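Engineer: Input structure: target.txt, which contains compact mmCIF, N, CA and C atoms and all ligand atoms.
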```txt
# COMPACT_ATOMS: atom_id res chain seq x y z
N MET A 169 163.52 86.32 112.23
CA MET A 169 164.81 85.65 112.08
C MET A 169 164.60 84.14 112.01
N ALA A 170 165.33 83.49 111.13
CA ALA A 170 165.18 82.03 110.98
C ALA A 170 165.69 81.33 112.24
N ILE A 171 164.97 80.29 112.63
CA ILE A 171 165.39 79.48 113.78
C ILE A 171 166.37 78.43 113.28
N PRO A 172 167.54 78.24 113.98
CA PRO A 172 168.50 77.25 113.49
C PRO A 172 167.89 75.85 113.45
N ALA A 173 168.34 75.03 112.50
CA ALA A 173 167.79 73.68 112.33
C ALA A 173 168.19 72.76 113.47
N MET A 174 169.27 73.12 114.20
CA MET A 174 169.68 72.30 115.35
C MET A 174 170.63 73.13 116.21
N PRO A 175 170.93 72.65 117.42
CA PRO A 175 171.78 73.45 118.30
C PRO A 175 173.11 73.81 117.63
N SER A 176 173.56 75.07 117.84
CA SER A 176 174.77 75.52 117.15
C SER A 176 175.99 74.74 117.67
N GLY A 177 176.92 74.50 116.77
CA GLY A 177 178.14 73.77 117.12
C GLY A 177 177.99 72.27 117.00
N GLU A 178 176.77 71.80 116.82
CA GLU A 178 176.58 70.34 116.69
C GLU A 178 176.60 69.93 115.22
N GLU A 179 176.88 68.65 115.03
CA GLU A 179 176.99 68.12 113.67
C GLU A 179 175.80 67.23 113.36
N PHE A 180 175.27 67.34 112.15
CA PHE A 180 174.21 66.44 111.68
C PHE A 180 174.87 65.28 110.95
N LYS A 181 174.62 64.05 111.43
CA LYS A 181 175.19 62.88 110.77
C LYS A 181 174.09 62.18 109.98
N PRO A 182 174.10 62.29 108.67
CA PRO A 182 173.04 61.65 107.86
C PRO A 182 173.28 60.14 107.78
N GLU A 183 172.62 59.38 108.64
CA GLU A 183 172.91 57.95 108.78
C GLU A 183 171.95 57.04 108.02
N ALA A 184 170.77 57.54 107.71
CA ALA A 184 169.78 56.69 107.03
C ALA A 184 168.94 57.54 106.10
N ALA A 185 168.54 56.92 104.99
CA ALA A 185 167.60 57.57 104.07
C ALA A 185 166.45 56.60 103.84
N ILE A 186 165.24 57.09 104.07
CA ILE A 186 164.05 56.28 103.78
C ILE A 186 163.49 56.77 102.46
N VAL A 187 163.18 55.83 101.57
CA VAL A 187 162.56 56.20 100.30
C VAL A 187 161.11 55.72 100.34
N ASN A 188 160.20 56.68 100.27
CA ASN A 188 158.76 56.36 100.25
C ASN A 188 158.25 56.49 98.82
N TYR A 189 157.60 55.44 98.33
CA TYR A 189 156.97 55.49 97.01
C TYR A 189 155.46 55.60 97.20
N TYR A 190 154.84 56.55 96.51
CA TYR A 190 153.39 56.72 96.55
C TYR A 190 152.83 56.52 95.15
N GLY A 191 151.96 55.53 95.00
CA GLY A 191 151.18 55.40 93.78
C GLY A 191 149.91 56.22 93.90
N PRO A 192 149.05 56.17 92.84
CA PRO A 192 147.88 57.05 92.79
C PRO A 192 146.98 57.01 94.03
N SER A 193 146.80 55.86 94.64
CA SER A 193 145.86 55.81 95.77
C SER A 193 146.56 55.65 97.12
N ASP A 194 147.87 55.86 97.13
CA ASP A 194 148.61 55.68 98.39
C ASP A 194 148.58 56.93 99.26
N MET A 195 148.68 56.70 100.54
CA MET A 195 148.76 57.81 101.50
C MET A 195 149.63 57.36 102.68
N LEU A 196 150.03 58.33 103.49
CA LEU A 196 150.80 58.03 104.70
C LEU A 196 150.05 58.65 105.87
N GLY A 197 149.63 57.80 106.80
CA GLY A 197 148.83 58.27 107.93
C GLY A 197 149.63 59.16 108.87
N GLY A 198 148.91 59.90 109.69
CA GLY A 198 149.54 60.81 110.63
C GLY A 198 150.45 60.08 111.62
N HIS A 199 151.63 60.60 111.82
CA HIS A 199 152.60 59.96 112.72
C HIS A 199 153.62 60.99 113.20
N VAL A 200 154.35 60.62 114.24
CA VAL A 200 155.55 61.35 114.67
C VAL A 200 156.71 60.40 114.46
N ASP A 201 157.80 60.86 113.89
CA ASP A 201 158.99 60.01 113.71
C ASP A 201 159.72 59.96 115.04
N ASP A 202 159.59 58.81 115.72
CA ASP A 202 160.07 58.75 117.10
C ASP A 202 161.14 57.68 117.33
N MET A 203 161.70 57.13 116.24
CA MET A 203 162.69 56.07 116.41
C MET A 203 164.12 56.60 116.59
N GLU A 204 164.31 57.89 116.32
CA GLU A 204 165.66 58.44 116.38
C GLU A 204 166.01 58.80 117.82
N ALA A 205 167.29 58.62 118.17
CA ALA A 205 167.72 58.84 119.56
C ALA A 205 167.70 60.32 119.94
N ASP A 206 168.04 61.19 119.00
CA ASP A 206 168.22 62.61 119.31
C ASP A 206 167.29 63.45 118.45
N TRP A 207 166.21 63.92 119.05
CA TRP A 207 165.21 64.68 118.28
C TRP A 207 165.63 66.13 118.04
N THR A 208 166.81 66.53 118.56
CA THR A 208 167.27 67.88 118.22
C THR A 208 167.88 67.89 116.82
N LYS A 209 168.05 66.70 116.21
CA LYS A 209 168.60 66.62 114.86
C LYS A 209 167.46 66.61 113.84
N PRO A 210 167.62 67.34 112.73
CA PRO A 210 166.52 67.48 111.77
C PRO A 210 166.31 66.24 110.89
N ILE A 211 165.18 66.22 110.22
CA ILE A 211 164.94 65.29 109.12
C ILE A 211 164.84 66.14 107.86
N VAL A 212 165.61 65.76 106.85
CA VAL A 212 165.62 66.49 105.58
C VAL A 212 164.81 65.67 104.58
N SER A 213 163.75 66.25 104.05
CA SER A 213 162.77 65.47 103.29
C SER A 213 162.58 66.06 101.89
N ILE A 214 162.88 65.26 100.88
CA ILE A 214 162.90 65.71 99.49
C ILE A 214 161.71 65.11 98.73
N SER A 215 160.98 65.94 97.99
CA SER A 215 159.83 65.47 97.20
C SER A 215 160.16 65.44 95.72
N LEU A 216 159.79 64.34 95.05
CA LEU A 216 160.00 64.21 93.60
C LEU A 216 158.72 63.69 92.97
N GLY A 217 158.41 64.16 91.76
CA GLY A 217 157.26 63.63 91.04
C GLY A 217 155.99 64.38 91.36
N CYS A 218 154.90 63.63 91.49
CA CYS A 218 153.58 64.25 91.64
C CYS A 218 153.47 65.11 92.90
N LYS A 219 152.67 66.14 92.75
CA LYS A 219 152.36 67.01 93.90
C LYS A 219 151.54 66.23 94.93
N CYS A 220 151.69 66.60 96.20
CA CYS A 220 150.87 65.97 97.25
C CYS A 220 150.37 67.03 98.22
N ILE A 221 149.42 66.60 99.04
CA ILE A 221 149.06 67.40 100.22
C ILE A 221 149.86 66.86 101.39
N PHE A 222 150.51 67.75 102.13
CA PHE A 222 151.24 67.40 103.35
C PHE A 222 150.52 68.07 104.51
N LEU A 223 150.16 67.29 105.51
CA LEU A 223 149.49 67.84 106.69
C LEU A 223 150.48 67.90 107.84
N LEU A 224 150.62 69.09 108.42
CA LEU A 224 151.48 69.25 109.61
C LEU A 224 150.58 69.63 110.78
N GLY A 225 150.50 68.73 111.74
CA GLY A 225 149.62 68.94 112.88
C GLY A 225 150.37 69.40 114.11
N GLY A 226 149.76 69.11 115.25
CA GLY A 226 150.35 69.52 116.52
C GLY A 226 151.01 68.34 117.22
N LYS A 227 151.25 68.52 118.51
CA LYS A 227 151.92 67.47 119.27
C LYS A 227 150.95 66.38 119.73
N THR A 228 149.66 66.62 119.55
CA THR A 228 148.65 65.58 119.79
C THR A 228 147.80 65.48 118.53
N ARG A 229 147.05 64.38 118.44
CA ARG A 229 146.18 64.20 117.27
C ARG A 229 144.96 65.11 117.32
N ASP A 230 144.75 65.79 118.46
CA ASP A 230 143.56 66.65 118.61
C ASP A 230 143.69 67.97 117.86
N GLU A 231 144.93 68.41 117.61
CA GLU A 231 145.11 69.71 116.96
C GLU A 231 144.83 69.62 115.46
N VAL A 232 144.15 70.65 114.96
CA VAL A 232 143.81 70.67 113.52
C VAL A 232 145.10 70.92 112.73
N PRO A 233 145.41 70.07 111.75
CA PRO A 233 146.68 70.26 111.01
C PRO A 233 146.59 71.39 109.98
N THR A 234 147.76 71.88 109.60
CA THR A 234 147.89 72.83 108.49
C THR A 234 148.18 72.03 107.23
N ALA A 235 147.44 72.34 106.15
CA ALA A 235 147.63 71.63 104.88
C ALA A 235 148.51 72.46 103.96
N MET A 236 149.45 71.79 103.31
CA MET A 236 150.28 72.50 102.31
C MET A 236 150.55 71.56 101.13
N PHE A 237 150.82 72.15 99.97
CA PHE A 237 151.22 71.34 98.82
C PHE A 237 152.73 71.13 98.86
N LEU A 238 153.17 69.93 98.54
CA LEU A 238 154.59 69.68 98.27
C LEU A 238 154.71 69.30 96.81
N ARG A 239 155.59 70.01 96.10
CA ARG A 239 155.79 69.77 94.67
C ARG A 239 157.16 69.16 94.44
N SER A 240 157.35 68.67 93.20
CA SER A 240 158.62 68.08 92.84
C SER A 240 159.76 69.08 93.05
N GLY A 241 160.76 68.68 93.80
CA GLY A 241 161.90 69.55 94.06
C GLY A 241 161.83 70.25 95.41
N ASP A 242 160.65 70.20 96.04
CA ASP A 242 160.54 70.84 97.36
C ASP A 242 161.33 70.06 98.41
N ILE A 243 161.89 70.79 99.35
CA ILE A 243 162.60 70.16 100.47
C ILE A 243 161.98 70.68 101.77
N VAL A 244 161.58 69.75 102.62
CA VAL A 244 161.04 70.11 103.94
C VAL A 244 162.10 69.78 104.98
N LEU A 245 162.37 70.75 105.84
CA LEU A 245 163.29 70.54 106.94
C LEU A 245 162.45 70.40 108.21
N MET A 246 162.37 69.19 108.73
CA MET A 246 161.63 68.97 109.98
C MET A 246 162.64 69.16 111.11
N ALA A 247 162.54 70.28 111.79
CA ALA A 247 163.55 70.61 112.80
C ALA A 247 162.88 71.23 114.01
N GLY A 248 163.62 71.24 115.12
CA GLY A 248 163.11 71.86 116.33
C GLY A 248 161.77 71.26 116.75
N GLU A 249 160.82 72.13 117.05
CA GLU A 249 159.49 71.68 117.50
C GLU A 249 158.78 70.82 116.47
N ALA A 250 159.06 71.06 115.20
CA ALA A 250 158.37 70.30 114.14
C ALA A 250 158.66 68.80 114.27
N ARG A 251 159.78 68.46 114.88
CA ARG A 251 160.12 67.03 115.07
C ARG A 251 159.10 66.31 115.94
N GLU A 252 158.40 67.08 116.78
CA GLU A 252 157.45 66.48 117.72
C GLU A 252 156.01 66.54 117.19
N ARG A 253 155.85 67.04 115.98
CA ARG A 253 154.48 67.24 115.46
C ARG A 253 154.04 66.10 114.56
N PHE A 254 152.76 65.77 114.68
CA PHE A 254 152.19 64.77 113.79
C PHE A 254 152.19 65.31 112.36
N HIS A 255 152.42 64.43 111.41
CA HIS A 255 152.38 64.82 110.00
C HIS A 255 152.01 63.61 109.15
N GLY A 256 151.55 63.87 107.95
CA GLY A 256 151.17 62.78 107.06
C GLY A 256 150.86 63.28 105.66
N VAL A 257 150.64 62.34 104.77
CA VAL A 257 150.37 62.66 103.36
C VAL A 257 149.05 61.97 102.98
N PRO A 258 147.92 62.70 103.00
CA PRO A 258 146.63 62.05 102.72
C PRO A 258 146.39 61.71 101.26
N ARG A 259 147.05 62.42 100.33
CA ARG A 259 146.84 62.07 98.91
C ARG A 259 147.90 62.71 98.02
N ILE A 260 148.05 62.11 96.84
CA ILE A 260 148.88 62.74 95.81
C ILE A 260 147.98 63.11 94.63
N PHE A 261 148.49 63.95 93.73
CA PHE A 261 147.74 64.36 92.53
C PHE A 261 148.46 63.79 91.32
N THR A 262 147.80 62.88 90.61
CA THR A 262 148.45 62.21 89.49
C THR A 262 148.05 62.86 88.16
N GLU A 263 148.51 62.23 87.08
CA GLU A 263 148.23 62.76 85.75
C GLU A 263 146.73 62.98 85.54
N SER A 264 145.90 62.06 86.05
CA SER A 264 144.46 62.19 85.83
C SER A 264 143.88 63.40 86.55
N ASP A 265 144.62 63.94 87.51
CA ASP A 265 144.17 65.17 88.19
C ASP A 265 144.61 66.42 87.42
N GLN A 266 145.37 66.22 86.33
CA GLN A 266 145.82 67.34 85.48
C GLN A 266 146.64 68.36 86.27
N GLN A 267 147.43 67.88 87.19
CA GLN A 267 148.19 68.80 88.04
C GLN A 267 149.69 68.63 87.80
N GLU A 268 150.38 69.73 87.67
CA GLU A 268 151.85 69.76 87.72
C GLU A 268 152.54 68.99 86.60
N ILE A 269 151.81 68.23 85.81
CA ILE A 269 152.47 67.36 84.85
C ILE A 269 153.23 68.16 83.77
N PRO A 270 152.68 69.29 83.28
CA PRO A 270 153.47 70.05 82.29
C PRO A 270 154.87 70.38 82.77
N ALA A 271 155.03 70.70 84.04
CA ALA A 271 156.36 71.03 84.55
C ALA A 271 157.28 69.82 84.48
N LEU A 272 156.74 68.64 84.78
CA LEU A 272 157.56 67.43 84.71
C LEU A 272 157.91 67.10 83.27
N ILE A 273 156.94 67.29 82.35
CA ILE A 273 157.19 66.99 80.93
C ILE A 273 158.35 67.83 80.41
N SER A 274 158.36 69.11 80.77
CA SER A 274 159.42 69.97 80.25
C SER A 274 160.79 69.59 80.82
N GLN A 275 160.81 68.97 81.99
CA GLN A 275 162.09 68.56 82.58
C GLN A 275 162.56 67.20 82.06
N LEU A 276 161.62 66.39 81.58
CA LEU A 276 161.94 64.99 81.22
C LEU A 276 161.48 64.71 79.80
N SER A 277 162.07 65.37 78.81
CA SER A 277 161.55 65.21 77.46
C SER A 277 162.53 64.57 76.48
N SER A 278 163.75 64.25 76.92
CA SER A 278 164.71 63.73 75.94
C SER A 278 165.08 62.27 76.22
N GLY A 279 165.34 61.51 75.12
CA GLY A 279 165.88 60.16 75.20
C GLY A 279 165.14 59.26 76.17
N ASP A 280 165.92 58.59 77.03
CA ASP A 280 165.35 57.65 78.00
C ASP A 280 164.48 58.33 79.05
N ASP A 281 164.54 59.66 79.10
CA ASP A 281 163.73 60.37 80.09
C ASP A 281 162.25 60.06 79.94
N VAL A 282 161.82 59.68 78.72
CA VAL A 282 160.38 59.41 78.53
C VAL A 282 159.91 58.27 79.42
N PHE A 283 160.79 57.29 79.67
CA PHE A 283 160.39 56.18 80.56
C PHE A 283 160.22 56.69 82.00
N ILE A 284 161.13 57.56 82.38
CA ILE A 284 161.02 58.15 83.72
C ILE A 284 159.74 58.98 83.81
N LEU A 285 159.46 59.71 82.72
CA LEU A 285 158.26 60.56 82.72
C LEU A 285 157.00 59.72 82.87
N GLU A 286 156.92 58.60 82.13
CA GLU A 286 155.72 57.74 82.23
C GLU A 286 155.55 57.25 83.66
N TYR A 287 156.64 56.92 84.31
CA TYR A 287 156.61 56.42 85.68
C TYR A 287 156.18 57.52 86.66
N ILE A 288 156.77 58.68 86.49
CA ILE A 288 156.60 59.73 87.49
C ILE A 288 155.26 60.47 87.34
N LYS A 289 154.61 60.30 86.18
CA LYS A 289 153.29 60.94 85.99
C LYS A 289 152.27 60.44 87.00
N ASN A 290 152.51 59.24 87.51
CA ASN A 290 151.55 58.64 88.44
C ASN A 290 152.21 58.26 89.76
N SER A 291 153.32 58.89 90.07
CA SER A 291 154.06 58.50 91.27
C SER A 291 154.59 59.73 92.00
N ARG A 292 154.72 59.55 93.28
CA ARG A 292 155.47 60.52 94.07
C ARG A 292 156.55 59.75 94.83
N ILE A 293 157.74 60.30 94.87
CA ILE A 293 158.83 59.70 95.62
C ILE A 293 159.30 60.71 96.66
N ASN A 294 159.40 60.25 97.88
CA ASN A 294 159.91 61.08 98.96
C ASN A 294 161.16 60.41 99.52
N ILE A 295 162.22 61.17 99.62
CA ILE A 295 163.46 60.65 100.22
C ILE A 295 163.70 61.48 101.48
N ASN A 296 163.73 60.81 102.62
CA ASN A 296 164.03 61.60 103.83
C ASN A 296 165.26 61.05 104.55
N ILE A 297 166.11 61.98 104.92
CA ILE A 297 167.45 61.68 105.44
C ILE A 297 167.48 62.05 106.91
N ARG A 298 167.98 61.13 107.72
CA ARG A 298 167.93 61.37 109.16
C ARG A 298 169.13 60.81 109.91
N GLN A 299 169.41 61.41 111.04
CA GLN A 299 170.41 60.87 111.97
C GLN A 299 169.67 59.93 112.92
N VAL A 300 170.14 58.70 113.02
CA VAL A 300 169.42 57.69 113.79
C VAL A 300 169.92 57.62 115.24
N TYR A 301 171.24 57.74 115.43
CA TYR A 301 171.83 57.53 116.77
C TYR A 301 172.26 58.83 117.42
O1 LIG B 1 156.28 61.66 102.11
C1 LIG B 1 156.50 62.61 102.85
O2 LIG B 1 156.59 63.78 102.44
C2 LIG B 1 156.63 62.40 104.35
C3 LIG B 1 157.33 61.12 104.72
C4 LIG B 1 157.42 60.92 106.19
O3 LIG B 1 156.87 61.65 106.96
C5 LIG B 1 158.22 59.80 106.73
O4 LIG B 1 158.75 58.97 105.96
O5 LIG B 1 158.34 59.71 107.95
FE FE B 2 157.48 61.32 108.98
```
Do you think you could lay out the structure here as structure tokens?

Structural biologist:
Amino acid sequence: MAIPAMPSGEEFKPEAAIVNYYGPSDMLGGHVDDMEADWTKPIVSISLGCKCIFLLGGKTRDEVPTAMFLRSGDIVLMAGEARERFHGVPRIFTESDQQEIPALISQLSSGDDVFILEYIKNSRININIRQVY
């Protein structure tokens, strides 16, 4: 059975969105998002553009993380215990890695979309939405 994203009867207030841009050699080191007042509220995290590796670790840096791919359109819900776990993005896969680009080309092939396509072939954008207070 799926575990609820937050205590029942409570409301999620989406108060802030962080936009992370990753170029070909960018990464995000392991961290826990600890600035929010109420960790029972989830973080909703949207991936666009190039595929990346996402590492989800434990509550200390000593635990070996689980590696997963995040692709364009994927949404990660960091909720419950996951809010306390270290996570990070060690690398993205760009056009030169020959990964996932055909899927992006088929979605972005008309008119001005070509400019977006040229940009996104070498970029990953992550938008994560969170309740701060
Ligand atoms: O880029 C991602 O998928 C993760 C971003 C993240 O963990 C953060 O902004 O706190
Ligand atoms: Fe994070």

Engineer: Would you mind reading off the distance between atom N of A:Leu285 and atom O2 of ligand LIG 1 (chain B), one decimal, in Å?

Structural biologist: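 Between atom N of A:Leu285 and atom O2 of ligand LIG 1 (chain B) the gap works out to 20.3 Å.
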
Engineer: Can you find the residues with an atom no farther than 7 Å from (147.5, 68.7, 112.9), counting only C-alpha atoms, and report them as a compact mmCIF listing (two decimals) with N, CA and C atoms, in the coordinates of the input?

Structural biologist:
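So result.txt came out as:
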```txt
# COMPACT_ATOMS: atom_id res chain seq x y z
N LEU A 223 150.16 67.29 105.51
CA LEU A 223 149.49 67.84 106.69
C LEU A 223 150.48 67.90 107.84
N LEU A 224 150.62 69.09 108.42
CA LEU A 224 151.48 69.25 109.61
C LEU A 224 150.58 69.63 110.78
N GLY A 225 150.50 68.73 111.74
CA GLY A 225 149.62 68.94 112.88
C GLY A 225 150.37 69.40 114.11
N GLY A 226 149.76 69.11 115.25
CA GLY A 226 150.35 69.52 116.52
C GLY A 226 151.01 68.34 117.22
N ARG A 229 147.05 64.38 118.44
CA ARG A 229 146.18 64.20 117.27
C ARG A 229 144.96 65.11 117.32
N GLU A 231 144.93 68.41 117.61
CA GLU A 231 145.11 69.71 116.96
C GLU A 231 144.83 69.62 115.46
N VAL A 232 144.15 70.65 114.96
CA VAL A 232 143.81 70.67 113.52
C VAL A 232 145.10 70.92 112.73
N PRO A 233 145.41 70.07 111.75
CA PRO A 233 146.68 70.26 111.01
C PRO A 233 146.59 71.39 109.98
N THR A 234 147.76 71.88 109.60
CA THR A 234 147.89 72.83 108.49
C THR A 234 148.18 72.03 107.23
N PHE A 254 152.76 65.77 114.68
CA PHE A 254 152.19 64.77 113.79
C PHE A 254 152.19 65.31 112.36
N HIS A 255 152.42 64.43 111.41
CA HIS A 255 152.38 64.82 110.00
C HIS A 255 152.01 63.61 109.15
```

Engineer: Sorted by chain and rising residue number, list the residues of chain A at most 6 Å from ligand FE 2 (chain B) (counting all atoms listed in the file), each with its closest atom pair and distance in Å to one decimal, as CSV.

Structural biologist:
```
residue,atom,partner,partner_atom,distance
A:His199,C,B:FE2,FE,5.7
A:Val200,C,B:FE2,FE,5.6
A:Asp201,N,B:FE2,FE,4.9
A:His255,C,B:FE2,FE,5.9
```

Engineer: Write out the residues from the selection above, keeping N, CA and C atoms, as a short mmCIF file (atom, residue, chain, number, x, y, z; two decimals), keeping the file's coordinate frame.

Structural biologist:
```
data_model
loop_
_atom_site.label_atom_id
_atom_site.label_comp_id
_atom_site.auth_asym_id
_atom_site.auth_seq_id
_atom_site.Cartn_x
_atom_site.Cartn_y
_atom_site.Cartn_z
N HIS A 199 151.63 60.60 111.82
CA HIS A 199 152.60 59.96 112.72
C HIS A 199 153.62 60.99 113.20
N VAL A 200 154.35 60.62 114.24
CA VAL A 200 155.55 61.35 114.67
C VAL A 200 156.71 60.40 114.46
N ASP A 201 157.80 60.86 113.89
CA ASP A 201 158.99 60.01 113.71
C ASP A 201 159.72 59.96 115.04
N HIS A 255 152.42 64.43 111.41
CA HIS A 255 152.38 64.82 110.00
C HIS A 255 152.01 63.61 109.15
#
```

Engineer: Could you work out how far atom N of A:Phe237 lies from atom CA of A:Cys220, giving the answer in Å with one decimal?

Structural biologist: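 About the pair atom CA of A:Cys220 and atom N of A:Phe237: they are 6.8 Å apart.
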
Engineer: Restricting the calculation to only N, CA and C atoms and all ligand atoms: of A:Leu276, A:Ile171, A:Met195, A:Val282, which residue gets closest to ligand LIG 1 (chain B)?

Structural biologist: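 Answer, going by the shortest atom-to-atom distance: A:Met195.
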
Engineer: For ligand LIG 1 (chain B), which of A:Ile269, A:Ala250, A:Ile284, A:Ile214 is the closest residue, counting only C-alpha atoms and all ligand atoms?

Structural biologist: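 Closest residue, counting only C-alpha atoms and all ligand atoms: A:Ile214.
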
Engineer: Smallest atom-to-atom distance to ligand LIG 1 (chain B): which of A:Ala247, A:Ile295, A:Ala235, A:Leu272, using all atoms listed in the file?

Structural biologist: A:Ile295

Engineer: Please identify all protein, DNA and RNA residues within 7 Å of ligand LIG 1 (chain B), counting only C-alpha atoms and all ligand atoms, and report them as a list of chain:residue names.

Structural biologist: A:Ile186, A:Asn188, A:Asp201, A:Ser213, A:Ser215, A:Phe222, A:His255, A:Gly256, A:Val257, A:Asn294, A:Asn296

Engineer: Would you export the selected residues with N, CA and C atoms as a PDB file, in the frame of the given file, please?

Structural biologist:
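Generated output (part19.pdb):
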```pdb
ATOM      1  N   ILE A 186     165.240  57.090 104.070  1.00  0.00           N
ATOM      2  CA  ILE A 186     164.050  56.280 103.780  1.00  0.00           C
ATOM      3  C   ILE A 186     163.490  56.770 102.460  1.00  0.00           C
ATOM      4  N   ASN A 188     160.200  56.680 100.270  1.00  0.00           N
ATOM      5  CA  ASN A 188     158.760  56.360 100.250  1.00  0.00           C
ATOM      6  C   ASN A 188     158.250  56.490  98.820  1.00  0.00           C
ATOM      7  N   ASP A 201     157.800  60.860 113.890  1.00  0.00           N
ATOM      8  CA  ASP A 201     158.990  60.010 113.710  1.00  0.00           C
ATOM      9  C   ASP A 201     159.720  59.960 115.040  1.00  0.00           C
ATOM     10  N   SER A 213     163.750  66.250 104.050  1.00  0.00           N
ATOM     11  CA  SER A 213     162.770  65.470 103.290  1.00  0.00           C
ATOM     12  C   SER A 213     162.580  66.060 101.890  1.00  0.00           C
ATOM     13  N   SER A 215     160.980  65.940  97.990  1.00  0.00           N
ATOM     14  CA  SER A 215     159.830  65.470  97.200  1.00  0.00           C
ATOM     15  C   SER A 215     160.160  65.440  95.720  1.00  0.00           C
ATOM     16  N   PHE A 222     150.510  67.750 102.130  1.00  0.00           N
ATOM     17  CA  PHE A 222     151.240  67.400 103.350  1.00  0.00           C
ATOM     18  C   PHE A 222     150.520  68.070 104.510  1.00  0.00           C
ATOM     19  N   HIS A 255     152.420  64.430 111.410  1.00  0.00           N
ATOM     20  CA  HIS A 255     152.380  64.820 110.000  1.00  0.00           C
ATOM     21  C   HIS A 255     152.010  63.610 109.150  1.00  0.00           C
ATOM     22  N   GLY A 256     151.550  63.870 107.950  1.00  0.00           N
ATOM     23  CA  GLY A 256     151.170  62.780 107.060  1.00  0.00           C
ATOM     24  C   GLY A 256     150.860  63.280 105.660  1.00  0.00           C
ATOM     25  N   VAL A 257     150.640  62.340 104.770  1.00  0.00           N
ATOM     26  CA  VAL A 257     150.370  62.660 103.360  1.00  0.00           C
ATOM     27  C   VAL A 257     149.050  61.970 102.980  1.00  0.00           C
ATOM     28  N   ASN A 294     159.400  60.250  97.880  1.00  0.00           N
ATOM     29  CA  ASN A 294     159.910  61.080  98.960  1.00  0.00           C
ATOM     30  C   ASN A 294     161.160  60.410  99.520  1.00  0.00           C
ATOM     31  N   ASN A 296     163.730  60.810 102.620  1.00  0.00           N
ATOM     32  CA  ASN A 296     164.030  61.600 103.830  1.00  0.00           C
ATOM     33  C   ASN A 296     165.260  61.050 104.550  1.00  0.00           C
TER      34      ASN A 296
END
```

Engineer: Quick one: 8 Å padding each side, axis-aligned, all listed atoms of stretch 185-199 of chain A - centre and edge lengths in Å to one decimal, as AutoDock Vina command-line options?

Structural biologist:
```
--center_x 157.2 --center_y 58.2 --center_z 103.0 --size_x 38.7 --size_y 21.6 --size_z 36.4
```
